[in-house]
file final.pdb (PDB, N, CA and C atoms)
ATOM      1  N   MET A 617       0.855  -1.165   0.000  1.00  0.00           N
ATOM      2  CA  MET A 617       0.000   0.000   0.000  1.00  0.00           C
ATOM      3  C   MET A 617       0.904   1.231   0.000  1.00  0.00           C
ATOM      4  N   VAL A 618       0.504   2.241  -0.764  1.00  0.00           N
ATOM      5  CA  VAL A 618       1.268   3.480  -0.883  1.00  0.00           C
ATOM      6  C   VAL A 618       0.368   4.649  -0.510  1.00  0.00           C
ATOM      7  N   LEU A 619       0.846   5.528   0.346  1.00  0.00           N
ATOM      8  CA  LEU A 619       0.109   6.740   0.715  1.00  0.00           C
ATOM      9  C   LEU A 619       0.568   7.871  -0.196  1.00  0.00           C
ATOM     10  N   VAL A 620      -0.372   8.469  -0.917  1.00  0.00           N
ATOM     11  CA  VAL A 620      -0.066   9.599  -1.797  1.00  0.00           C
ATOM     12  C   VAL A 620      -0.795  10.817  -1.250  1.00  0.00           C
ATOM     13  N   LYS A 621      -0.032  11.829  -0.884  1.00  0.00           N
ATOM     14  CA  LYS A 621      -0.607  13.044  -0.316  1.00  0.00           C
ATOM     15  C   LYS A 621      -1.031  14.002  -1.429  1.00  0.00           C
ATOM     16  N   PRO A 622      -1.937  14.946  -1.124  1.00  0.00           N
ATOM     17  CA  PRO A 622      -2.380  15.915  -2.127  1.00  0.00           C
ATOM     18  C   PRO A 622      -1.194  16.640  -2.766  1.00  0.00           C
ATOM     19  N   GLY A 623      -1.225  16.728  -4.086  1.00  0.00           N
ATOM     20  CA  GLY A 623      -0.164  17.407  -4.819  1.00  0.00           C
ATOM     21  C   GLY A 623       0.969  16.504  -5.257  1.00  0.00           C
ATOM     22  N   GLU A 624       1.052  15.293  -4.697  1.00  0.00           N
ATOM     23  CA  GLU A 624       2.106  14.352  -5.080  1.00  0.00           C
ATOM     24  C   GLU A 624       1.688  13.565  -6.317  1.00  0.00           C
ATOM     25  N   ARG A 625       2.685  13.036  -7.015  1.00  0.00           N
ATOM     26  CA  ARG A 625       2.417  12.174  -8.165  1.00  0.00           C
ATOM     27  C   ARG A 625       2.166  10.751  -7.686  1.00  0.00           C
ATOM     28  N   VAL A 626       1.314  10.042  -8.405  1.00  0.00           N
ATOM     29  CA  VAL A 626       1.054   8.634  -8.103  1.00  0.00           C
ATOM     30  C   VAL A 626       2.218   7.841  -8.701  1.00  0.00           C
ATOM     31  N   PRO A 627       3.017   7.139  -7.866  1.00  0.00           N
ATOM     32  CA  PRO A 627       4.230   6.491  -8.368  1.00  0.00           C
ATOM     33  C   PRO A 627       4.005   5.177  -9.120  1.00  0.00           C
ATOM     34  N   VAL A 628       2.846   4.566  -8.975  1.00  0.00           N
ATOM     35  CA  VAL A 628       2.570   3.263  -9.593  1.00  0.00           C
ATOM     36  C   VAL A 628       1.104   3.192 -10.006  1.00  0.00           C
ATOM     37  N   ASP A 629       0.762   2.220 -10.859  1.00  0.00           N
ATOM     38  CA  ASP A 629      -0.646   1.955 -11.146  1.00  0.00           C
ATOM     39  C   ASP A 629      -1.259   1.371  -9.881  1.00  0.00           C
ATOM     40  N   ALA A 630      -2.484   1.774  -9.549  1.00  0.00           N
ATOM     41  CA  ALA A 630      -3.062   1.355  -8.275  1.00  0.00           C
ATOM     42  C   ALA A 630      -4.584   1.461  -8.293  1.00  0.00           C
ATOM     43  N   VAL A 631      -5.192   1.018  -7.193  1.00  0.00           N
ATOM     44  CA  VAL A 631      -6.623   1.163  -6.946  1.00  0.00           C
ATOM     45  C   VAL A 631      -6.769   1.906  -5.626  1.00  0.00           C
ATOM     46  N   ILE A 632      -7.638   2.893  -5.584  1.00  0.00           N
ATOM     47  CA  ILE A 632      -7.856   3.660  -4.357  1.00  0.00           C
ATOM     48  C   ILE A 632      -8.621   2.802  -3.356  1.00  0.00           C
ATOM     49  N   VAL A 633      -8.077   2.692  -2.140  1.00  0.00           N
ATOM     50  CA  VAL A 633      -8.722   1.893  -1.096  1.00  0.00           C
ATOM     51  C   VAL A 633      -9.312   2.757   0.016  1.00  0.00           C
ATOM     52  N   SER A 634      -8.954   4.060   0.040  1.00  0.00           N
ATOM     53  CA  SER A 634      -9.474   4.940   1.075  1.00  0.00           C
ATOM     54  C   SER A 634      -9.389   6.384   0.587  1.00  0.00           C
ATOM     55  N   GLY A 635     -10.422   7.167   0.841  1.00  0.00           N
ATOM     56  CA  GLY A 635     -10.410   8.582   0.505  1.00  0.00           C
ATOM     57  C   GLY A 635     -10.809   8.878  -0.924  1.00  0.00           C
ATOM     58  N   HIS A 636     -10.512  10.112  -1.346  1.00  0.00           N
ATOM     59  CA  HIS A 636     -10.833  10.562  -2.704  1.00  0.00           C
ATOM     60  C   HIS A 636      -9.903  11.715  -3.060  1.00  0.00           C
ATOM     61  N   SER A 637      -9.770  11.992  -4.345  1.00  0.00           N
ATOM     62  CA  SER A 637      -8.905  13.073  -4.794  1.00  0.00           C
ATOM     63  C   SER A 637      -9.162  13.383  -6.260  1.00  0.00           C
ATOM     64  N   SER A 638      -8.627  14.488  -6.724  1.00  0.00           N
ATOM     65  CA  SER A 638      -8.616  14.826  -8.147  1.00  0.00           C
ATOM     66  C   SER A 638      -7.248  14.436  -8.684  1.00  0.00           C
ATOM     67  N   ILE A 639      -7.236  13.680  -9.773  1.00  0.00           N
ATOM     68  CA  ILE A 639      -5.993  13.167 -10.339  1.00  0.00           C
ATOM     69  C   ILE A 639      -5.788  13.761 -11.730  1.00  0.00           C
ATOM     70  N   ASP A 640      -4.575  14.243 -11.995  1.00  0.00           N
ATOM     71  CA  ASP A 640      -4.216  14.766 -13.315  1.00  0.00           C
ATOM     72  C   ASP A 640      -3.835  13.590 -14.210  1.00  0.00           C
ATOM     73  N   GLU A 641      -4.695  13.255 -15.162  1.00  0.00           N
ATOM     74  CA  GLU A 641      -4.436  12.149 -16.088  1.00  0.00           C
ATOM     75  C   GLU A 641      -4.077  12.666 -17.480  1.00  0.00           C
ATOM     76  N   SER A 642      -3.641  13.920 -17.577  1.00  0.00           N
ATOM     77  CA  SER A 642      -3.382  14.530 -18.881  1.00  0.00           C
ATOM     78  C   SER A 642      -2.320  13.790 -19.684  1.00  0.00           C
ATOM     79  N   MET A 643      -1.354  13.161 -19.021  1.00  0.00           N
ATOM     80  CA  MET A 643      -0.321  12.430 -19.758  1.00  0.00           C
ATOM     81  C   MET A 643      -0.893  11.184 -20.440  1.00  0.00           C
ATOM     82  N   LEU A 644      -2.028  10.685 -19.942  1.00  0.00           N
ATOM     83  CA  LEU A 644      -2.653   9.499 -20.534  1.00  0.00           C
ATOM     84  C   LEU A 644      -3.773   9.848 -21.500  1.00  0.00           C
ATOM     85  N   THR A 645      -4.578  10.856 -21.132  1.00  0.00           N
ATOM     86  CA  THR A 645      -5.789  11.143 -21.899  1.00  0.00           C
ATOM     87  C   THR A 645      -5.714  12.414 -22.742  1.00  0.00           C
ATOM     88  N   GLY A 646      -4.791  13.309 -22.397  1.00  0.00           N
ATOM     89  CA  GLY A 646      -4.720  14.595 -23.082  1.00  0.00           C
ATOM     90  C   GLY A 646      -5.700  15.611 -22.519  1.00  0.00           C
ATOM     91  N   GLU A 647      -6.569  15.175 -21.624  1.00  0.00           N
ATOM     92  CA  GLU A 647      -7.561  16.050 -20.991  1.00  0.00           C
ATOM     93  C   GLU A 647      -6.865  16.885 -19.917  1.00  0.00           C
ATOM     94  N   SER A 648      -7.048  18.201 -19.960  1.00  0.00           N
ATOM     95  CA  SER A 648      -6.351  19.079 -19.022  1.00  0.00           C
ATOM     96  C   SER A 648      -7.051  19.212 -17.672  1.00  0.00           C
ATOM     97  N   ILE A 649      -8.306  18.791 -17.581  1.00  0.00           N
ATOM     98  CA  ILE A 649      -9.067  18.908 -16.333  1.00  0.00           C
ATOM     99  C   ILE A 649      -8.838  17.662 -15.474  1.00  0.00           C
ATOM    100  N   PRO A 650      -8.451  17.828 -14.187  1.00  0.00           N
ATOM    101  CA  PRO A 650      -8.261  16.672 -13.305  1.00  0.00           C
ATOM    102  C   PRO A 650      -9.546  15.850 -13.173  1.00  0.00           C
ATOM    103  N   VAL A 651      -9.388  14.548 -12.951  1.00  0.00           N
ATOM    104  CA  VAL A 651     -10.505  13.615 -12.855  1.00  0.00           C
ATOM    105  C   VAL A 651     -10.709  13.238 -11.391  1.00  0.00           C
ATOM    106  N   GLU A 652     -11.965  13.292 -10.919  1.00  0.00           N
ATOM    107  CA  GLU A 652     -12.279  12.892  -9.546  1.00  0.00           C
ATOM    108  C   GLU A 652     -12.162  11.380  -9.413  1.00  0.00           C
ATOM    109  N   LYS A 653     -11.444  10.930  -8.394  1.00  0.00           N
ATOM    110  CA  LYS A 653     -11.277   9.501  -8.124  1.00  0.00           C
ATOM    111  C   LYS A 653     -11.654   9.233  -6.673  1.00  0.00           C
ATOM    112  N   SER A 654     -12.258   8.055  -6.435  1.00  0.00           N
ATOM    113  CA  SER A 654     -12.619   7.669  -5.072  1.00  0.00           C
ATOM    114  C   SER A 654     -12.411   6.169  -4.911  1.00  0.00           C
ATOM    115  N   VAL A 655     -12.807   5.632  -3.776  1.00  0.00           N
ATOM    116  CA  VAL A 655     -12.581   4.227  -3.440  1.00  0.00           C
ATOM    117  C   VAL A 655     -13.029   3.309  -4.575  1.00  0.00           C
ATOM    118  N   GLY A 656     -12.123   2.404  -4.970  1.00  0.00           N
ATOM    119  CA  GLY A 656     -12.404   1.433  -6.018  1.00  0.00           C
ATOM    120  C   GLY A 656     -11.967   1.866  -7.407  1.00  0.00           C
ATOM    121  N   ASP A 657     -11.663   3.161  -7.583  1.00  0.00           N
ATOM    122  CA  ASP A 657     -11.224   3.658  -8.892  1.00  0.00           C
ATOM    123  C   ASP A 657      -9.753   3.321  -9.128  1.00  0.00           C
ATOM    124  N   LYS A 658      -9.401   3.091 -10.393  1.00  0.00           N
ATOM    125  CA  LYS A 658      -8.015   2.827 -10.770  1.00  0.00           C
ATOM    126  C   LYS A 658      -7.318   4.151 -11.067  1.00  0.00           C
ATOM    127  N   VAL A 659      -6.046   4.244 -10.673  1.00  0.00           N
ATOM    128  CA  VAL A 659      -5.199   5.391 -11.003  1.00  0.00           C
ATOM    129  C   VAL A 659      -3.920   4.857 -11.644  1.00  0.00           C
ATOM    130  N   PHE A 660      -3.321   5.687 -12.486  1.00  0.00           N
ATOM    131  CA  PHE A 660      -2.149   5.242 -13.234  1.00  0.00           C
ATOM    132  C   PHE A 660      -0.980   6.177 -12.987  1.00  0.00           C
ATOM    133  N   GLY A 661       0.198   5.582 -12.730  1.00  0.00           N
ATOM    134  CA  GLY A 661       1.389   6.360 -12.391  1.00  0.00           C
ATOM    135  C   GLY A 661       2.318   6.580 -13.512  1.00  0.00           C
TER     136      GLY A 661
END
call {"tool": "encode", "arguments": {"input": "final.pdb", "output": "structure tokens"}}
result
Amino acid sequence: MVLVKPGERVPVDAVIVSGHSSIDESMLTGESIPVEKSVGDKVFG
């Protein structure tokens, strides 16, 4: 398990197990608006 604090980059591909946040996925999708993520959502590092 990895703890990622607000403003930090996600270092690995993962699934959120607690909390929620806005994630910048622009390097993957080209979309400039951060995406809301919460428990059970996948994030990519």
call {"tool": "resolve_selection", "arguments": {"input": "final.pdb", "expression": "the PyMOL selection byres (((chain A and resi 658 and name CA) around 10) and name CA)", "output": "VMD selection string"}}
result
chain A and resid 629 to 633 653 to 657 659 to 660
call {"tool": "write_last_selection", "arguments": {"input": "final.pdb", "atoms": "N, CA and C atoms", "output": "CSV table (one decimal), in the frame of the given file"}}
result
chain,number,residue,atom,x,y,z
A,629,ASP,N,0.8,2.2,-10.9
A,629,ASP,CA,-0.6,2.0,-11.1
A,629,ASP,C,-1.3,1.4,-9.9
A,630,ALA,N,-2.5,1.8,-9.5
A,630,ALA,CA,-3.1,1.4,-8.3
A,630,ALA,C,-4.6,1.5,-8.3
A,631,VAL,N,-5.2,1.0,-7.2
A,631,VAL,CA,-6.6,1.2,-6.9
A,631,VAL,C,-6.8,1.9,-5.6
A,632,ILE,N,-7.6,2.9,-5.6
A,632,ILE,CA,-7.9,3.7,-4.4
A,632,ILE,C,-8.6,2.8,-3.4
A,633,VAL,N,-8.1,2.7,-2.1
A,633,VAL,CA,-8.7,1.9,-1.1
A,633,VAL,C,-9.3,2.8,0.0
A,653,LYS,N,-11.4,10.9,-8.4
A,653,LYS,CA,-11.3,9.5,-8.1
A,653,LYS,C,-11.7,9.2,-6.7
A,654,SER,N,-12.3,8.1,-6.4
A,654,SER,CA,-12.6,7.7,-5.1
A,654,SER,C,-12.4,6.2,-4.9
A,655,VAL,N,-12.8,5.6,-3.8
A,655,VAL,CA,-12.6,4.2,-3.4
A,655,VAL,C,-13.0,3.3,-4.6
A,656,GLY,N,-12.1,2.4,-5.0
A,656,GLY,CA,-12.4,1.4,-6.0
A,656,GLY,C,-12.0,1.9,-7.4
A,657,ASP,N,-11.7,3.2,-7.6
A,657,ASP,CA,-11.2,3.7,-8.9
A,657,ASP,C,-9.8,3.3,-9.1
A,659,VAL,N,-6.0,4.2,-10.7
A,659,VAL,CA,-5.2,5.4,-11.0
A,659,VAL,C,-3.9,4.9,-11.6
A,660,PHE,N,-3.3,5.7,-12.5
A,660,PHE,CA,-2.1,5.2,-13.2
A,660,PHE,C,-1.0,6.2,-13.0
call {"tool": "residues_around", "arguments": {"input": "final.pdb", "residues": "Pro650 in chain A", "least_positions_apart": "6", "cutoff": "8 Å", "atoms": "all atoms listed in the file", "output": "PyMOL selection string"}}
result
chain A and resi 637-642
call {"tool": "select_by_dssp", "arguments": {"input": "final.pdb", "residues": "chain A", "states": "strand (DSSP E or B)", "output": "VMD selection string"}}
result
chain A and resid 630 to 631 636 to 639 651 to 654 658 to 659
call {"tool": "select_by_dssp", "arguments": {"input": "final.pdb", "residues": "chain A", "states": "alpha helix (DSSP H)", "output": "list of chain:residue names"}}
result
A:Ser642, A:Met643, A:Leu644, A:Thr645
call {"tool": "atom_distance", "arguments": {"input": "final.pdb", "atom1": "atom C of Glu652 in chain A", "atom2": "atom C of Met617 in chain A"}}
result
19.0 Å
call {"tool": "atom_distance", "arguments": {"input": "final.pdb", "atom1": "CA of Glu624 in chain A", "atom2": "CA of Gly661 in chain A"}}
result
10.9 Å
call {"tool": "atom_distance", "arguments": {"input": "final.pdb", "atom1": "atom N of Val651 in chain A", "atom2": "atom C of Lys621 in chain A"}}
result
14.2 Å
call {"tool": "axis_aligned_box", "arguments": {"input": "final.pdb", "around": "range 646-656 of chain A", "padding_each_side": "8 Å", "output": "AutoDock Vina command-line options"}}
result
--center_x -8.9 --center_y 10.3 --center_z -13.3 --size_x 24.3 --size_y 33.8 --size_z 35.6
